[in-house]
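Novice: Structure: coords-v4.cif, mmCIF, N, CA and C atoms.
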data_final
#
loop_
_atom_site.label_atom_id
_atom_site.label_comp_id
_atom_site.auth_asym_id
_atom_site.auth_seq_id
_atom_site.Cartn_x
_atom_site.Cartn_y
_atom_site.Cartn_z
N MET A 1 255.23 147.93 -10.63
CA MET A 1 254.85 147.18 -9.45
C MET A 1 255.86 146.06 -9.25
N SER A 2 256.27 145.80 -8.01
CA SER A 2 257.24 144.75 -7.76
C SER A 2 256.59 143.39 -7.97
N GLU A 3 257.45 142.37 -8.19
CA GLU A 3 256.91 141.05 -8.48
C GLU A 3 256.04 140.51 -7.36
N SER A 4 256.49 140.61 -6.11
CA SER A 4 255.70 140.05 -5.02
C SER A 4 254.36 140.76 -4.88
N SER A 5 254.34 142.05 -5.18
CA SER A 5 253.08 142.76 -5.03
C SER A 5 252.07 142.40 -6.12
N VAL A 6 252.53 141.95 -7.29
CA VAL A 6 251.59 141.50 -8.32
C VAL A 6 250.84 140.27 -7.82
N TYR A 7 251.56 139.30 -7.30
CA TYR A 7 250.94 138.09 -6.76
C TYR A 7 249.97 138.44 -5.63
N GLU A 8 250.42 139.28 -4.72
CA GLU A 8 249.57 139.69 -3.60
C GLU A 8 248.40 140.54 -4.07
N ALA A 9 248.65 141.40 -5.05
CA ALA A 9 247.59 142.30 -5.53
C ALA A 9 246.44 141.54 -6.19
N VAL A 10 246.75 140.41 -6.83
CA VAL A 10 245.66 139.65 -7.45
C VAL A 10 244.91 138.80 -6.43
N GLY A 11 245.45 138.70 -5.21
CA GLY A 11 244.74 137.98 -4.15
C GLY A 11 245.43 136.73 -3.66
N GLY A 12 246.68 136.50 -4.08
CA GLY A 12 247.43 135.36 -3.58
C GLY A 12 246.88 134.02 -4.04
N ALA A 13 247.19 132.99 -3.27
CA ALA A 13 246.86 131.61 -3.64
C ALA A 13 245.37 131.38 -3.90
N PRO A 14 244.46 131.88 -3.06
CA PRO A 14 243.04 131.62 -3.34
C PRO A 14 242.58 132.21 -4.67
N ALA A 15 243.06 133.40 -4.99
CA ALA A 15 242.67 134.03 -6.26
C ALA A 15 243.27 133.28 -7.44
N VAL A 16 244.53 132.86 -7.31
CA VAL A 16 245.16 132.10 -8.40
C VAL A 16 244.40 130.80 -8.64
N ALA A 17 244.00 130.11 -7.58
CA ALA A 17 243.23 128.87 -7.73
C ALA A 17 241.91 129.12 -8.44
N ALA A 18 241.22 130.19 -8.07
CA ALA A 18 239.94 130.52 -8.72
C ALA A 18 240.14 130.86 -10.19
N VAL A 19 241.19 131.61 -10.48
CA VAL A 19 241.48 131.99 -11.87
C VAL A 19 241.81 130.75 -12.70
N VAL A 20 242.58 129.82 -12.15
CA VAL A 20 242.92 128.60 -12.88
C VAL A 20 241.65 127.80 -13.20
N ASP A 21 240.72 127.72 -12.27
CA ASP A 21 239.45 127.02 -12.54
C ASP A 21 238.67 127.71 -13.66
N LEU A 22 238.57 129.03 -13.59
CA LEU A 22 237.88 129.78 -14.65
C LEU A 22 238.59 129.58 -15.99
N PHE A 23 239.90 129.65 -15.96
CA PHE A 23 240.72 129.52 -17.16
C PHE A 23 240.48 128.18 -17.86
N TYR A 24 240.54 127.08 -17.10
CA TYR A 24 240.36 125.78 -17.74
C TYR A 24 238.93 125.56 -18.20
N ALA A 25 237.96 126.16 -17.56
CA ALA A 25 236.59 126.09 -18.07
C ALA A 25 236.52 126.72 -19.45
N LYS A 26 237.21 127.83 -19.63
CA LYS A 26 237.22 128.52 -20.93
C LYS A 26 238.02 127.72 -21.97
N VAL A 27 239.17 127.23 -21.58
CA VAL A 27 240.02 126.48 -22.51
C VAL A 27 239.31 125.21 -22.98
N LEU A 28 238.69 124.50 -22.05
CA LEU A 28 238.02 123.25 -22.41
C LEU A 28 236.75 123.48 -23.23
N ALA A 29 236.19 124.67 -23.17
CA ALA A 29 235.02 125.02 -23.99
C ALA A 29 235.43 125.56 -25.36
N ASP A 30 236.71 125.75 -25.57
CA ASP A 30 237.24 126.30 -26.82
C ASP A 30 237.51 125.15 -27.79
N ASP A 31 236.76 125.11 -28.87
CA ASP A 31 236.88 124.00 -29.83
C ASP A 31 238.27 123.87 -30.44
N ASP A 32 239.01 124.96 -30.51
CA ASP A 32 240.36 124.90 -31.08
C ASP A 32 241.40 124.41 -30.07
N LEU A 33 241.16 124.64 -28.80
CA LEU A 33 242.14 124.26 -27.77
C LEU A 33 241.82 122.96 -27.06
N SER A 34 240.55 122.65 -26.90
CA SER A 34 240.16 121.48 -26.10
C SER A 34 240.77 120.17 -26.59
N PRO A 35 240.98 119.96 -27.91
CA PRO A 35 241.58 118.70 -28.32
C PRO A 35 242.97 118.44 -27.72
N HIS A 36 243.68 119.49 -27.37
CA HIS A 36 245.01 119.33 -26.77
C HIS A 36 244.93 118.76 -25.35
N PHE A 37 243.73 118.70 -24.77
CA PHE A 37 243.57 118.30 -23.38
C PHE A 37 242.77 117.01 -23.22
N ARG A 38 242.51 116.31 -24.31
CA ARG A 38 241.66 115.10 -24.26
C ARG A 38 242.20 114.04 -23.32
N THR A 39 243.51 113.85 -23.31
CA THR A 39 244.09 112.78 -22.50
C THR A 39 244.84 113.33 -21.28
N THR A 40 244.56 114.55 -20.93
CA THR A 40 245.28 115.21 -19.84
C THR A 40 244.65 114.90 -18.48
N ASP A 41 245.51 114.67 -17.51
CA ASP A 41 245.08 114.53 -16.11
C ASP A 41 244.84 115.95 -15.60
N LEU A 42 243.59 116.40 -15.69
CA LEU A 42 243.27 117.79 -15.41
C LEU A 42 243.60 118.24 -13.98
N PRO A 43 243.31 117.45 -12.94
CA PRO A 43 243.69 117.90 -11.60
C PRO A 43 245.20 118.15 -11.46
N THR A 44 246.00 117.28 -12.05
CA THR A 44 247.45 117.47 -11.99
C THR A 44 247.86 118.70 -12.78
N LEU A 45 247.27 118.87 -13.95
CA LEU A 45 247.58 120.03 -14.78
C LEU A 45 247.21 121.33 -14.06
N LYS A 46 246.05 121.34 -13.42
CA LYS A 46 245.63 122.54 -12.68
C LYS A 46 246.60 122.84 -11.54
N ALA A 47 247.08 121.82 -10.86
CA ALA A 47 248.06 122.03 -9.78
C ALA A 47 249.34 122.65 -10.33
N HIS A 48 249.82 122.12 -11.46
CA HIS A 48 251.01 122.69 -12.11
C HIS A 48 250.74 124.13 -12.51
N GLN A 49 249.57 124.38 -13.07
CA GLN A 49 249.24 125.73 -13.55
C GLN A 49 249.14 126.72 -12.39
N ARG A 50 248.55 126.31 -11.28
CA ARG A 50 248.49 127.19 -10.11
C ARG A 50 249.89 127.57 -9.65
N ALA A 51 250.78 126.58 -9.58
CA ALA A 51 252.15 126.85 -9.15
C ALA A 51 252.88 127.72 -10.16
N PHE A 52 252.67 127.44 -11.44
CA PHE A 52 253.34 128.22 -12.49
C PHE A 52 252.90 129.68 -12.46
N ILE A 53 251.59 129.91 -12.39
CA ILE A 53 251.09 131.28 -12.38
C ILE A 53 251.54 132.01 -11.13
N ALA A 54 251.50 131.34 -9.99
CA ALA A 54 251.97 131.97 -8.75
C ALA A 54 253.42 132.39 -8.89
N THR A 55 254.25 131.52 -9.43
CA THR A 55 255.67 131.84 -9.62
C THR A 55 255.83 132.97 -10.62
N ALA A 56 255.09 132.92 -11.72
CA ALA A 56 255.20 133.96 -12.76
C ALA A 56 254.80 135.33 -12.24
N LEU A 57 253.92 135.36 -11.25
CA LEU A 57 253.46 136.63 -10.69
C LEU A 57 254.29 137.08 -9.49
N GLY A 58 255.37 136.34 -9.21
CA GLY A 58 256.25 136.73 -8.12
C GLY A 58 255.86 136.15 -6.78
N GLY A 59 254.98 135.17 -6.78
CA GLY A 59 254.59 134.50 -5.55
C GLY A 59 255.58 133.40 -5.21
N PRO A 60 255.16 132.45 -4.41
CA PRO A 60 256.07 131.36 -4.02
C PRO A 60 256.58 130.61 -5.25
N ASP A 61 257.85 130.26 -5.23
CA ASP A 61 258.46 129.53 -6.34
C ASP A 61 258.18 128.05 -6.15
N ALA A 62 256.95 127.66 -6.43
CA ALA A 62 256.51 126.29 -6.18
C ALA A 62 256.42 125.47 -7.46
N TYR A 63 256.69 126.06 -8.63
CA TYR A 63 256.54 125.32 -9.88
C TYR A 63 257.64 124.29 -10.00
N ARG A 64 257.26 123.04 -10.10
CA ARG A 64 258.20 121.93 -10.23
C ARG A 64 257.92 121.10 -11.48
N GLY A 65 257.21 121.68 -12.41
CA GLY A 65 256.89 120.99 -13.65
C GLY A 65 258.09 120.94 -14.59
N ARG A 66 257.88 120.27 -15.70
CA ARG A 66 258.93 120.19 -16.72
C ARG A 66 259.17 121.57 -17.32
N PRO A 67 260.33 121.75 -17.95
CA PRO A 67 260.55 123.01 -18.67
C PRO A 67 259.45 123.19 -19.72
N LEU A 68 259.07 124.43 -19.97
CA LEU A 68 257.94 124.72 -20.85
C LEU A 68 258.10 124.12 -22.24
N ASP A 69 259.30 124.21 -22.81
CA ASP A 69 259.49 123.67 -24.16
C ASP A 69 259.27 122.16 -24.18
N GLU A 70 259.75 121.48 -23.16
CA GLU A 70 259.58 120.03 -23.07
C GLU A 70 258.11 119.66 -22.82
N ALA A 71 257.45 120.37 -21.95
CA ALA A 71 256.06 120.06 -21.60
C ALA A 71 255.11 120.26 -22.78
N HIS A 72 255.45 121.16 -23.70
CA HIS A 72 254.55 121.49 -24.80
C HIS A 72 255.01 120.95 -26.16
N ALA A 73 256.15 120.28 -26.20
CA ALA A 73 256.77 119.86 -27.46
C ALA A 73 255.85 119.01 -28.33
N ARG A 74 255.12 118.09 -27.76
CA ARG A 74 254.31 117.15 -28.55
C ARG A 74 252.93 117.69 -28.89
N LEU A 75 252.59 118.86 -28.40
CA LEU A 75 251.23 119.37 -28.58
C LEU A 75 250.99 120.04 -29.92
N GLY A 76 252.05 120.45 -30.59
CA GLY A 76 251.87 121.11 -31.88
C GLY A 76 251.12 122.42 -31.80
N LEU A 77 251.35 123.17 -30.74
CA LEU A 77 250.65 124.44 -30.56
C LEU A 77 251.14 125.49 -31.55
N THR A 78 250.20 126.29 -32.00
CA THR A 78 250.52 127.37 -32.93
C THR A 78 250.56 128.70 -32.18
N GLY A 79 251.04 129.71 -32.87
CA GLY A 79 251.02 131.05 -32.29
C GLY A 79 249.61 131.49 -31.95
N ALA A 80 248.66 131.12 -32.81
CA ALA A 80 247.25 131.47 -32.56
C ALA A 80 246.74 130.76 -31.31
N ASP A 81 247.16 129.50 -31.11
CA ASP A 81 246.77 128.77 -29.89
C ASP A 81 247.29 129.50 -28.65
N PHE A 82 248.56 129.89 -28.70
CA PHE A 82 249.16 130.60 -27.57
C PHE A 82 248.38 131.88 -27.27
N ASP A 83 248.08 132.62 -28.32
CA ASP A 83 247.35 133.88 -28.15
C ASP A 83 245.96 133.64 -27.55
N ARG A 84 245.31 132.55 -27.97
CA ARG A 84 243.98 132.23 -27.42
C ARG A 84 244.08 131.89 -25.93
N VAL A 85 245.13 131.16 -25.56
CA VAL A 85 245.35 130.81 -24.16
C VAL A 85 245.55 132.07 -23.32
N VAL A 86 246.37 132.98 -23.81
CA VAL A 86 246.60 134.23 -23.08
C VAL A 86 245.30 135.03 -22.97
N THR A 87 244.51 135.05 -24.03
CA THR A 87 243.22 135.74 -23.98
C THR A 87 242.29 135.11 -22.95
N HIS A 88 242.24 133.77 -22.92
CA HIS A 88 241.39 133.09 -21.93
C HIS A 88 241.87 133.39 -20.50
N LEU A 89 243.18 133.47 -20.32
CA LEU A 89 243.70 133.80 -18.99
C LEU A 89 243.32 135.23 -18.62
N ALA A 90 243.49 136.15 -19.55
CA ALA A 90 243.13 137.55 -19.29
C ALA A 90 241.64 137.67 -18.98
N ASP A 91 240.81 136.95 -19.74
CA ASP A 91 239.37 136.97 -19.49
C ASP A 91 239.04 136.39 -18.11
N SER A 92 239.76 135.35 -17.72
CA SER A 92 239.55 134.73 -16.41
C SER A 92 239.95 135.69 -15.29
N LEU A 93 241.06 136.38 -15.48
CA LEU A 93 241.50 137.37 -14.50
C LEU A 93 240.48 138.51 -14.38
N THR A 94 239.95 138.93 -15.53
CA THR A 94 238.91 139.98 -15.52
C THR A 94 237.68 139.50 -14.76
N GLU A 95 237.25 138.29 -15.07
CA GLU A 95 236.07 137.72 -14.41
C GLU A 95 236.27 137.58 -12.90
N ALA A 96 237.53 137.37 -12.49
CA ALA A 96 237.84 137.24 -11.07
C ALA A 96 237.99 138.59 -10.38
N GLY A 97 237.85 139.67 -11.15
CA GLY A 97 237.89 141.00 -10.56
C GLY A 97 239.27 141.62 -10.44
N VAL A 98 240.24 141.08 -11.17
CA VAL A 98 241.60 141.62 -11.13
C VAL A 98 241.65 142.92 -11.93
N GLU A 99 242.38 143.90 -11.43
CA GLU A 99 242.50 145.19 -12.10
C GLU A 99 243.14 145.04 -13.48
N GLN A 100 242.69 145.85 -14.43
CA GLN A 100 243.20 145.77 -15.81
C GLN A 100 244.70 146.00 -15.89
N SER A 101 245.25 146.87 -15.06
CA SER A 101 246.70 147.11 -15.11
C SER A 101 247.47 145.85 -14.73
N LEU A 102 246.94 145.07 -13.78
CA LEU A 102 247.60 143.83 -13.39
C LEU A 102 247.43 142.76 -14.46
N ILE A 103 246.30 142.77 -15.14
CA ILE A 103 246.08 141.83 -16.24
C ILE A 103 247.07 142.12 -17.36
N ALA A 104 247.24 143.38 -17.69
CA ALA A 104 248.19 143.77 -18.73
C ALA A 104 249.60 143.36 -18.35
N GLU A 105 249.95 143.55 -17.09
CA GLU A 105 251.29 143.16 -16.63
C GLU A 105 251.47 141.65 -16.69
N THR A 106 250.43 140.90 -16.35
CA THR A 106 250.49 139.45 -16.43
C THR A 106 250.68 139.00 -17.87
N ALA A 107 249.92 139.57 -18.79
CA ALA A 107 250.05 139.22 -20.21
C ALA A 107 251.46 139.55 -20.70
N ALA A 108 252.01 140.67 -20.26
CA ALA A 108 253.36 141.05 -20.66
C ALA A 108 254.39 140.05 -20.14
N ARG A 109 254.16 139.47 -18.98
CA ARG A 109 255.07 138.47 -18.43
C ARG A 109 254.98 137.15 -19.21
N LEU A 110 253.83 136.87 -19.78
CA LEU A 110 253.64 135.61 -20.51
C LEU A 110 254.13 135.67 -21.95
N THR A 111 254.07 136.83 -22.55
CA THR A 111 254.42 136.97 -23.97
C THR A 111 255.79 136.40 -24.32
N PRO A 112 256.84 136.65 -23.53
CA PRO A 112 258.15 136.08 -23.87
C PRO A 112 258.20 134.55 -23.83
N LEU A 113 257.23 133.92 -23.18
CA LEU A 113 257.21 132.46 -23.10
C LEU A 113 256.75 131.81 -24.40
N LYS A 114 256.19 132.60 -25.29
CA LYS A 114 255.67 132.06 -26.55
C LYS A 114 256.73 131.28 -27.31
N GLN A 115 257.96 131.79 -27.31
CA GLN A 115 259.02 131.12 -28.06
C GLN A 115 259.39 129.76 -27.47
N GLN A 116 259.12 129.55 -26.18
CA GLN A 116 259.39 128.26 -25.56
C GLN A 116 258.26 127.26 -25.80
N ILE A 117 257.05 127.77 -25.99
CA ILE A 117 255.87 126.92 -26.08
C ILE A 117 255.50 126.60 -27.53
N VAL A 118 255.69 127.56 -28.41
CA VAL A 118 255.33 127.40 -29.82
C VAL A 118 256.61 127.18 -30.62
N LYS A 119 256.66 126.09 -31.33
CA LYS A 119 257.83 125.81 -32.16
C LYS A 119 257.81 126.69 -33.40
N GLY A 120 258.98 127.17 -33.79
CA GLY A 120 259.07 127.98 -35.00
C GLY A 120 258.81 129.45 -34.78
N THR A 121 258.79 129.90 -33.50
CA THR A 121 258.60 131.34 -33.25
C THR A 121 259.92 131.97 -32.88
#
Before anything else, please render the file you have as structure tokens.

Specialist:
Amino acid sequence: MSESSVYEAVGGAPAVAAVVDLFYAKVLADDDLSPHFRTTDLPTLKAHQRAFIATALGGPDAYRGRPLDEAHARLGLTGADFDRVVTHLADSLTEAGVEQSLIAETAARLTPLKQQIVKGT
């Protein structure tokens, strides 16, 4: 599937916004991940995440956040943390009614980012 069609196939901006809300509800309820977000400006983070996911799925290139390695450097995230985040995103996409093939493609697009987010990978 082409990049633009992945973004469109999941439902574009409204679907991405809904998925981001579901995703952060799951992340903040996760005892292992929630401590990383205690001092986070959640509305700003959600805006960055919506833009990042839209860009990653081939939608508008609206992500203007810091480079991933810089944005995550102080968080001390582990490989297990990264995997939990991807699982929460996949679960959120499932809950939003996104087809499993698109969820698998989304996870495949995120996997290479692990080395930028997790130190020592």

Novice: Name all residues at most 7 Å from Val86 in chain A (count all atoms listed in the file; drop same-chain ones fewer than 5 positions away) and give them as an mmCIF file with N, CA and C atoms, in the coordinates of the input.

Specialist:
data_model
loop_
_atom_site.group_PDB
_atom_site.id
_atom_site.type_symbol
_atom_site.label_atom_id
_atom_site.label_comp_id
_atom_site.auth_asym_id
_atom_site.auth_seq_id
_atom_site.Cartn_x
_atom_site.Cartn_y
_atom_site.Cartn_z
ATOM 1 N N ASP A 81 247.160 129.500 -31.110
ATOM 2 C CA ASP A 81 246.770 128.770 -29.890
ATOM 3 C C ASP A 81 247.290 129.500 -28.650
ATOM 4 N N ASP A 91 240.810 136.950 -19.740
ATOM 5 C CA ASP A 91 239.370 136.970 -19.490
ATOM 6 C C ASP A 91 239.040 136.390 -18.110
ATOM 7 N N ALA A 107 249.920 139.570 -18.790
ATOM 8 C CA ALA A 107 250.050 139.220 -20.210
ATOM 9 C C ALA A 107 251.460 139.550 -20.700
#

Novice: Could you name the residues that touch Thr106 in chain A at 8 Å or less, counting all atoms listed in the file, but leaving out those on the same chain fewer than 6 positions away, as a list in words?

Specialist: Ala56, Leu57, Ala90 and Gln100 of chain A

Novice: Those residues you just picked out, can you put them in a file as a compact mmCIF listing (two decimals), in the frame of the given file with N, CA and C atoms?

Specialist:
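Just written: again-v5.txt:
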# COMPACT_ATOMS: atom_id res chain seq x y z
N ALA A 56 255.09 132.92 -11.72
CA ALA A 56 255.20 133.96 -12.76
C ALA A 56 254.80 135.33 -12.24
N LEU A 57 253.92 135.36 -11.25
CA LEU A 57 253.46 136.63 -10.69
C LEU A 57 254.29 137.08 -9.49
N ALA A 90 243.49 136.15 -19.55
CA ALA A 90 243.13 137.55 -19.29
C ALA A 90 241.64 137.67 -18.98
N GLN A 100 242.69 145.85 -14.43
CA GLN A 100 243.20 145.77 -15.81
C GLN A 100 244.70 146.00 -15.89

Novice: So which residues touch range 113-118 of chain A within 5 Å, counting all atoms listed in the file, skipping near sequence neighbours fewer than 3 positions away, as JSON, numbers by chain?

Specialist: {"A": [68, 69, 77, 110, 121]}

Novice: Identify all residues of range 17-106 of chain A in helix (DSSP H, G or I) (DSSP on the backbone) and supply them as a VMD selection string.

Specialist: chain A and resid 17 to 29 34 to 37 42 to 56 68 to 75 79 to 95 100 to 106

Novice: Which one is closest to Ala25 in chain A: A:Asp83, A:His88, A:Arg66, A:Pro112? Count only C-alpha atoms.

Specialist: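 Nearest to Ala25 in chain A: A:His88.
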
Novice: To one decimal place, how far is atom C of Lys46 in chain A from CA of Phe82 in chain A in Å?

Specialist: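 Computing the Euclidean distance for atom C of Lys46 in chain A and CA of Phe82 in chain A yields 18.0 Å.
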
Novice: Please write the residues picked by the PyMOL selection byres (((chain A and resi 103 and name CA) around 12) and name CA) on this file as number ranges by chain.

Specialist: A: 6-7, 9-10, 19, 57, 86-102, 104-110

Novice: For the atom pair CA of Ala29 in chain A and CA of Ala73 in chain A, what is the interatomic distance in Å to one decimal place?

Specialist: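 CA of Ala73 in chain A lies at a distance of 22.6 Å from CA of Ala29 in chain A.
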
Novice: Between atom C of Arg74 in chain A and atom N of Leu28 in chain A, what distance in Å does the model show, to one decimal?

Specialist: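 Between these atoms lies a distance of 17.2 Å.
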
Novice: Could you pull the residues within 8 Å of Gly12 in chain A, counting all atoms listed in the file, minus those fewer than 6 positions along the same chain, as a list in words?

Specialist: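 Residues near the query, excluding close chain neighbours: Val6, Ala18, Ala54 and Gly59 of chain A.
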
Novice: Pick the closest to Gln49 in chain A from A:Val27, A:Val20, A:Pro67, A:Gly76: which is it, counting only N, CA and C atoms?

Specialist: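 Ranked by minimum distance to Gln49 in chain A, first place goes to A:Val20.
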
Novice: Show me the residues close to (246.5, 131.2, -6.8) - anything with an atom within 5 Å, counting all atoms listed in the file - and format the list as a VMD selection string.

Specialist: chain A and resid 12 to 17

Novice: Would you mind telling me which residue in A:Gly65, A:Thr39, A:Val85, A:Leu75 lies nearest to Ala51 in chain A when using all atoms listed in the file?

Specialist: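 Smallest separation from Ala51 in chain A among the options: A:Gly65.
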